[in-house]
Amino acid sequence: MSAMNYHIKNVRIIDATQDRMGDVFIEDGVIVENEIQDAEVIDGTGKILFPGLIDPHVHFRDPGLTHKEDLFTGSRSAVAGGVTTFFEMPNTKPPTFTIENLEQKRALAREKSCANFGFYFGAGMANAEEIKKVKNIPGVKLYLNTTTGDLKMDQEDTWRTIFNAAHRVLLHAEGETFARAIEIWKEEGEPCEVHLCHVSLASEVTLLRELKQSEYADKISSEACPHHLLLTNEVRGPFAEMKPPLATKADQEALWEGVVDGTIDIFATDHAPHTKEEKLGATVPFGVPGVETLLPLLFTEFQKRNLSLQKLAFMTSKRTTELFHVQNKKGVLTPGYDADLVLLDPTSSVIDAEQFFSKAKHSPFDGQEVGGQVEKTFVRGTLVFDKGVFVNEDFRGKEILFY
């Protein structure tokens with residue numbers, strides 16, 4: 001199916017800058033100002049149009065662990081959830097420690113991914129020179145606590161090396177480990193930007209808030225995941241086993257305070273798929289799928305808490321482009337920007353993990369009612385997903401460009 005032009009009429013348009021009723025015109029993959037000839041008309045009455053979500057933290061397991069997920073199934077799961085761009089983590093097999101391995105992933109994504117993509121580089125014990133040479137990545141991931149794969153790094157001298165080699169370091173660091181990493185980062189003269197992944201503890205929010213109110217504000221950022229925002233450690237069972245683990249009600253409320261006051265910058269899923277059989281096995285792997293439920297869960301909770309849907313749009317798209325210095329024009333519904341869009345039907349639905357496009361047919365939110373479901377997803381102006389069906393199987397996303 002070739003690219004078409006579209007006229008989405010009478011729809012509620014929400015992004016970081018606006019919340020209004022109106023029409024949106026798409027021509028040649030871009031949002032344009034004026035009505036165009038021969039466009040397919042889509043009636044948006046009663047629906048909400050958001051910018052396509054950007055998920056800056058997914059594990060699509062490709063290459064090496066593709067029985068859990070691959071770039072085809074992971075990207076389909078993303079698009080079905082309204083996520084039009086993802087940044088994928090390096091703990092694949094082999095891990096993304098070399099430029100050669102990064103190029104392998106890029107080739108796989110060009111072949112398989114129906115969403116736009118970017119890939120992180122991994123921090124290894126001896127790949128600082130590769131980190132200095134690598135181009136067009138959103139950042140370098142440094143694992144300081146346990147994760148899937150044997151990537152945890154305990155040597156503080158190596159932390160220092162990575163801080164000085166990378167332009168942006170993403171930390172998997174929990175609690176006191178995060179605090180220690182920040183001490184070392186300061187000792188080194190804060191040579192890079194630091195982004196804390198999957199904030200889960202009140203102590204982390206407190207430290208982040210202090211940093212945000214200091215001279216370090218422009219160099220520090222963070223993300224929170226729906227599972228930490230919506231669940232606590234009272235939830236049990238294999239489908240709720242993740243890293244960082246679920247925390248207390250007090251930690252959860254601290255996260256929401258961080259969302260409200262801007263201490264936490266963006267949302268991410270840490271989509272970490274495993275097969276249902278693996279999760280029900282004797283040794284339960286850490287991680288939950290998330291890209292398919294990100295928007296419905298947060299949309300529901302934002303309404304419940306009476307929070308601005310403009311803020312939701314900001315934290316799932318525009319703010320992410322700012323933090324990661326995305327060169328492409330994405331994240332708002334403005335003429336001249338790429339037509340990455342998601343049309344949300346705000347009527348209620350029930351999460352059914354068995355119907356996920358991901359290979360991970362499970363979720364701690366399975367069976368939960370949510371106040372919205374993704375009706376259509378456009379990637380660069382192409383309608384890829386429509387009412388539960390992929391309508392353009394041949395479409396492939398493009399690699400994101402970073403300043």
# chains A, B, ... in the order shown; residues from 1 in each chain; ligands from 1
$ residues_around --residues "A:Lys361" --least-positions-apart "2" --cutoff "12 Å" --atoms "only C-alpha atoms" --output "count of residues only"
30
$ residues_around --residues "A:Asn91" --least-positions-apart "6" --cutoff "12 Å" --atoms "only C-alpha atoms" --output "PyMOL selection string"
chain A and resi 57-65+97+101-102+105+119-124+140-143+146-152+172+272
$ write_last_selection --atoms "N, CA and C atoms" --output "short mmCIF file (atom, residue, chain, number, x, y, z; two decimals), in the first residue's frame"
data_model
loop_
_atom_site.label_atom_id
_atom_site.label_comp_id
_atom_site.auth_asym_id
_atom_site.auth_seq_id
_atom_site.Cartn_x
_atom_site.Cartn_y
_atom_site.Cartn_z
N HIS A 57 12.92 3.30 26.23
CA HIS A 57 13.52 2.20 26.99
C HIS A 57 12.79 0.90 26.71
N VAL A 58 13.25 0.16 25.70
CA VAL A 58 12.67 -1.15 25.41
C VAL A 58 13.79 -2.18 25.22
N HIS A 59 13.42 -3.43 25.44
CA HIS A 59 14.31 -4.56 25.19
C HIS A 59 13.60 -5.46 24.18
N PHE A 60 14.02 -5.40 22.94
CA PHE A 60 13.37 -6.20 21.90
C PHE A 60 14.14 -7.48 21.58
N ARG A 61 15.22 -7.77 22.32
CA ARG A 61 15.88 -9.08 22.39
C ARG A 61 16.53 -9.55 21.10
N ASP A 62 16.68 -8.66 20.13
CA ASP A 62 17.17 -9.03 18.82
C ASP A 62 18.54 -8.38 18.61
N PRO A 63 19.63 -9.17 18.40
CA PRO A 63 19.68 -10.61 18.14
C PRO A 63 19.89 -11.44 19.41
N GLY A 64 19.77 -12.74 19.23
CA GLY A 64 20.24 -13.71 20.21
C GLY A 64 19.23 -14.26 21.18
N LEU A 65 18.15 -13.49 21.43
CA LEU A 65 17.15 -13.94 22.40
C LEU A 65 15.75 -13.81 21.78
N PHE A 97 28.27 -3.86 22.35
CA PHE A 97 29.49 -3.28 22.89
C PHE A 97 30.44 -2.81 21.78
N ASN A 101 28.51 -4.70 16.16
CA ASN A 101 27.25 -5.24 16.68
C ASN A 101 26.11 -4.24 16.54
N LEU A 102 26.42 -2.96 16.70
CA LEU A 102 25.41 -1.92 16.52
C LEU A 102 24.92 -1.90 15.07
N LYS A 105 22.44 -4.61 14.43
CA LYS A 105 21.09 -4.27 14.90
C LYS A 105 20.40 -3.30 13.94
N PHE A 119 19.18 3.02 18.74
CA PHE A 119 19.81 1.98 19.55
C PHE A 119 20.86 2.56 20.49
N TYR A 120 20.78 2.14 21.74
CA TYR A 120 21.81 2.50 22.72
C TYR A 120 23.05 1.65 22.52
N PHE A 121 24.14 2.17 23.02
CA PHE A 121 25.40 1.44 23.08
C PHE A 121 25.60 0.98 24.52
N GLY A 122 26.24 -0.16 24.70
CA GLY A 122 26.45 -0.68 26.04
C GLY A 122 27.83 -0.33 26.58
N ALA A 123 27.92 -0.14 27.89
CA ALA A 123 29.19 0.11 28.55
C ALA A 123 29.77 -1.22 29.01
N GLY A 124 30.91 -1.60 28.40
CA GLY A 124 31.60 -2.81 28.80
C GLY A 124 32.85 -2.48 29.59
N VAL A 140 24.65 5.89 26.16
CA VAL A 140 25.38 4.68 26.56
C VAL A 140 24.78 4.16 27.85
N LYS A 141 24.46 2.88 27.90
CA LYS A 141 23.82 2.28 29.08
C LYS A 141 24.88 1.66 29.99
N LEU A 142 24.81 2.06 31.25
CA LEU A 142 25.74 1.56 32.27
C LEU A 142 24.92 0.83 33.33
N TYR A 143 25.14 -0.46 33.47
CA TYR A 143 24.38 -1.29 34.40
C TYR A 143 25.14 -1.41 35.72
N THR A 146 21.66 -5.48 39.13
CA THR A 146 21.37 -6.71 38.40
C THR A 146 20.31 -6.48 37.32
N THR A 147 20.54 -7.12 36.18
CA THR A 147 19.60 -7.03 35.06
C THR A 147 19.64 -8.34 34.29
N THR A 148 18.83 -8.44 33.24
CA THR A 148 18.90 -9.58 32.33
C THR A 148 20.21 -9.52 31.55
N GLY A 149 20.99 -10.59 31.63
CA GLY A 149 22.31 -10.59 31.01
C GLY A 149 23.37 -10.25 32.04
N ASP A 150 24.60 -10.61 31.76
CA ASP A 150 25.70 -10.44 32.72
C ASP A 150 26.45 -9.15 32.43
N LEU A 151 25.77 -8.02 32.64
CA LEU A 151 26.36 -6.73 32.28
C LEU A 151 26.64 -5.83 33.48
N LYS A 152 26.30 -6.28 34.69
CA LYS A 152 26.48 -5.45 35.88
C LYS A 152 27.96 -5.12 36.08
N HIS A 172 21.30 2.18 34.97
CA HIS A 172 20.48 1.25 35.74
C HIS A 172 21.15 1.20 37.10
N ALA A 272 10.29 -5.51 28.77
CA ALA A 272 11.28 -6.57 28.96
C ALA A 272 10.60 -7.92 28.85
#
$ select_by_dssp --residues "stretch 22-240 of chain A" --states "strand (DSSP E)" --output "ChimeraX atom specification"
/A:22-27,30-32,40-43,48-51,53-58,83-88,116-119,121-122,140-143,168-172,193-196,220-224
$ closest_residue --among "A:Arg305, A:His227, A:Lys398, A:His362" --to "A:Val379" --atoms "only C-alpha atoms"
A:Lys398
$ closest_atom_pairs --of "stretch 86-136 of chain A" --to "stretch 323-332 of chain A" --cutoff "12 Å" --atoms "only C-alpha atoms" --output "Markdown table"
| residue | atom | partner | partner_atom | distance |
| --- | --- | --- | --- | --- |
| A:Phe86 | CA | A:Phe324 | CA | 12.0 |
| A:Phe87 | CA | A:Phe324 | CA | 10.2 |
| A:Asn116 | CA | A:Asn328 | CA | 10.8 |
| A:Phe117 | CA | A:Val326 | CA | 11.4 |
| A:Gly118 | CA | A:Val326 | CA | 10.0 |
| A:Phe119 | CA | A:Phe324 | CA | 11.9 |
| A:Tyr120 | CA | A:Phe324 | CA | 11.2 |
| A:Asn136 | CA | A:Val326 | CA | 9.9 |
$ write_last_selection --atoms "N, CA and C atoms" --output "JSON list (two decimals), in the first residue's frame"
[["chain", "number", "residue", "atom", "x", "y", "z"],
["A", 86, "PHE", "N", 10.94, 3.96, 19.11],
["A", 86, "PHE", "CA", 11.51, 3.34, 20.31],
["A", 86, "PHE", "C", 13.02, 3.45, 20.28],
["A", 87, "PHE", "N", 13.62, 3.47, 21.48],
["A", 87, "PHE", "CA", 15.07, 3.36, 21.63],
["A", 87, "PHE", "C", 15.33, 2.05, 22.37],
["A", 116, "ASN", "N", 9.76, 3.68, 14.03],
["A", 116, "ASN", "CA", 11.06, 4.33, 13.98],
["A", 116, "ASN", "C", 11.91, 3.85, 15.15],
["A", 117, "PHE", "N", 13.22, 3.90, 15.01],
["A", 117, "PHE", "CA", 14.08, 3.25, 16.00],
["A", 117, "PHE", "C", 15.39, 4.00, 16.23],
["A", 118, "GLY", "N", 15.94, 3.78, 17.42],
["A", 118, "GLY", "CA", 17.28, 4.18, 17.77],
["A", 118, "GLY", "C", 17.85, 3.12, 18.69],
["A", 119, "PHE", "N", 19.18, 3.02, 18.74],
["A", 119, "PHE", "CA", 19.81, 1.98, 19.55],
["A", 119, "PHE", "C", 20.86, 2.56, 20.49],
["A", 120, "TYR", "N", 20.78, 2.14, 21.74],
["A", 120, "TYR", "CA", 21.81, 2.50, 22.72],
["A", 120, "TYR", "C", 23.05, 1.65, 22.52],
["A", 136, "ASN", "N", 25.59, 8.54, 16.29],
["A", 136, "ASN", "CA", 24.13, 8.52, 16.19],
["A", 136, "ASN", "C", 23.48, 7.51, 17.14]]
